[in-house]
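Student: Right, I'll just put the structure down here and ask away after.
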Amino acid sequence: MLSIVIPVYNEEGLINDLVQRTVSALEAFIQDYEIIFVDDGSKDQSLNLLLNLQKKYPRIKVLSLSNNFGHQAAFTAGLEYSTGDIVGMMDGDLQDPPELFGEMYRKISEENFDVISGKRSGQKGKNRRVFFTFLFHLLFKNVSVLQNMENTGNFSMMKRAAVDALLRMKETVRYLPGLRSFIGFRQGYVDYVRDERSEGEPKMSLSKLFLLAADAIFAFSRFPIRLCLYLGLTGTIVFMCAGFYVLIAKAFGFAIIGWSSTMLSIYFLGSIQLISLGVVGEYVYRIYKESQNRPLYFVQKFYDGNPEK
């Protein structure tokens, strides 16, 4: 059995196309499947539209969360409610084509992969989001402790053993593509060009994308704390050289006159200290979030459209 998990948040303009394309893509290669739509506290008619479409497509299941808990929490909820031997993940904005699930399923079934991730070989459209996404993947590739993570997102498919391993990691601050790579198993890829959003506005604002990028870097890289160390060492070396220069200037009678050098040195060292405190604060915040041990989400209702019931 195949399960597909799709979180949605205020996507009423895309729901019909999303459901029809996903159902058609799955029925082209498998009959035993379920699609779990996770309504992440939508304020529009997304939930009602999904429930109406469930009458036409009884293999749809709708998991309604009590509030907007965020993209990664919604995916986690869907994974925990999935029952399939193989589980796929896809964003609800149709930028990732559901028609690729057939190729992912073939690779898992015939080539014995445990995890298949969609790898973006390109992205249609030219805007700030595309540019910043490219910069993030470039940075993450070079600073992360994970391997072969570049240009992959949530779009993926996993065997049940890999899903169970992923769900055993209970951290509150989550970056699922990183966790999916961390669990190991035999991983493969399907290349594709990511589409532009066909309708509506992105629900992940640039600020939310930056926060997700920060979560990924802080969770899977030592780069931020190492950056503080390197800045501190650089400041130490620079001002050791400046100290030698001042001593020599005093000895030979051409000491620096004025306050410019003093003020610049104070500002420089102060900036390094503030950057270091900011990075340490980010780690402390994440430790605090984990220590709270709050549930990732709360379910308002699970609408099970299993045709056998």
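To be explicit about the labels: the chains of the structure tokens are called A, B, and onward in the order shown, and within each one the residues are counted from 1, while ligands get numbers from 1 in the order they are shown.
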At a cut-off of 6 Å, using only C-alpha atoms, what residues contact Glu290 (chain A)? Leave out same-chain residues fewer than 3 positions from it and give the result as a ChimeraX atom specification.

Tutor: /A:172,287,293

Student: Would you write out those residues with N, CA and C atoms, as a PDB file, in the first residue's frame?

Tutor:
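Dumped everything to part35.pdb:
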ATOM      1  N   THR A 172      11.868  19.202  18.394  1.00  0.00           N
ATOM      2  CA  THR A 172      10.823  20.173  18.093  1.00  0.00           C
ATOM      3  C   THR A 172      11.178  21.020  16.883  1.00  0.00           C
ATOM      4  N   ILE A 287      17.737  25.014  22.345  1.00  0.00           N
ATOM      5  CA  ILE A 287      17.781  24.144  23.531  1.00  0.00           C
ATOM      6  C   ILE A 287      16.533  24.356  24.379  1.00  0.00           C
ATOM      7  N   ASN A 293       9.487  20.437  25.489  1.00  0.00           N
ATOM      8  CA  ASN A 293       8.904  19.114  25.191  1.00  0.00           C
ATOM      9  C   ASN A 293       7.405  19.204  24.879  1.00  0.00           C
TER      10      ASN A 293
END

Student: Show which residues sit within 9 Å of Tyr192 (chain A), as a PyMOL selection string. Count only C-alpha atoms, and ignore same-chain residues fewer than 2 positions away.

Tutor: chain A and resi 96-97+100+118-123+190+194

Student: Find, counting only C-alpha atoms, the residue in A:Asp304, A:Thr234, A:Tyr81, A:Tyr288 that gets nearest to Ile272 (chain A).

Tutor: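 That would be A:Thr234, the residue with the smallest distance to Ile272 (chain A).
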
Student: Counting only C-alpha atoms, which residues of region 43-119 of chain A sit at most 12 Å from some atom of region 158-163 of chain A, and what is each one's closest atom pair with its distance in Å to one decimal, listed by chain and rising residue number, as JSON lines?

Tutor:
{"residue": "A:Phe75", "atom": "CA", "partner": "A:Val163", "partner_atom": "CA", "distance": 11.6}
{"residue": "A:Thr76", "atom": "CA", "partner": "A:Val163", "partner_atom": "CA", "distance": 10.0}
{"residue": "A:Gly78", "atom": "CA", "partner": "A:Val163", "partner_atom": "CA", "distance": 11.1}
{"residue": "A:Leu79", "atom": "CA", "partner": "A:Val163", "partner_atom": "CA", "distance": 7.3}
{"residue": "A:Glu80", "atom": "CA", "partner": "A:Val163", "partner_atom": "CA", "distance": 8.7}
{"residue": "A:Tyr81", "atom": "CA", "partner": "A:Val163", "partner_atom": "CA", "distance": 11.3}
{"residue": "A:Ser82", "atom": "CA", "partner": "A:Val163", "partner_atom": "CA", "distance": 9.6}
{"residue": "A:Thr83", "atom": "CA", "partner": "A:Arg160", "partner_atom": "CA", "distance": 8.7}
{"residue": "A:Gly84", "atom": "CA", "partner": "A:Arg160", "partner_atom": "CA", "distance": 7.2}
{"residue": "A:Asp85", "atom": "CA", "partner": "A:Arg160", "partner_atom": "CA", "distance": 5.0}
{"residue": "A:Ile86", "atom": "CA", "partner": "A:Lys159", "partner_atom": "CA", "distance": 4.4}
{"residue": "A:Val87", "atom": "CA", "partner": "A:Met158", "partner_atom": "CA", "distance": 5.3}
{"residue": "A:Gly88", "atom": "CA", "partner": "A:Met158", "partner_atom": "CA", "distance": 6.3}
{"residue": "A:Met89", "atom": "CA", "partner": "A:Met158", "partner_atom": "CA", "distance": 8.6}
{"residue": "A:Phe101", "atom": "CA", "partner": "A:Met158", "partner_atom": "CA", "distance": 11.1}
{"residue": "A:Met104", "atom": "CA", "partner": "A:Met158", "partner_atom": "CA", "distance": 9.1}
{"residue": "A:Tyr105", "atom": "CA", "partner": "A:Met158", "partner_atom": "CA", "distance": 9.0}
{"residue": "A:Arg106", "atom": "CA", "partner": "A:Met158", "partner_atom": "CA", "distance": 11.9}
{"residue": "A:Lys107", "atom": "CA", "partner": "A:Met158", "partner_atom": "CA", "distance": 10.6}
{"residue": "A:Ile108", "atom": "CA", "partner": "A:Lys159", "partner_atom": "CA", "distance": 7.7}
{"residue": "A:Ser109", "atom": "CA", "partner": "A:Lys159", "partner_atom": "CA", "distance": 9.5}
{"residue": "A:Asn112", "atom": "CA", "partner": "A:Lys159", "partner_atom": "CA", "distance": 9.8}
{"residue": "A:Phe113", "atom": "CA", "partner": "A:Lys159", "partner_atom": "CA", "distance": 8.3}
{"residue": "A:Asp114", "atom": "CA", "partner": "A:Lys159", "partner_atom": "CA", "distance": 5.3}
{"residue": "A:Val115", "atom": "CA", "partner": "A:Met158", "partner_atom": "CA", "distance": 4.4}
{"residue": "A:Ile116", "atom": "CA", "partner": "A:Met158", "partner_atom": "CA", "distance": 6.4}
{"residue": "A:Ser117", "atom": "CA", "partner": "A:Met158", "partner_atom": "CA", "distance": 8.6}
{"residue": "A:Gly118", "atom": "CA", "partner": "A:Met158", "partner_atom": "CA", "distance": 11.6}

Student: Counting only C-alpha atoms, figure out which residue out of A:Glu27, A:Asp195, A:Glu12, A:Glu171 gets nearest to Ser42 (chain A).

Tutor: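 Result for the nearest residue to Ser42 (chain A): A:Glu12.
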
Student: For a test of reading the model, state the distance in Å between CA of Ile6 (chain A) and CA of Ile35 (chain A), rounded to one decimal.

Tutor: 7.5 Å
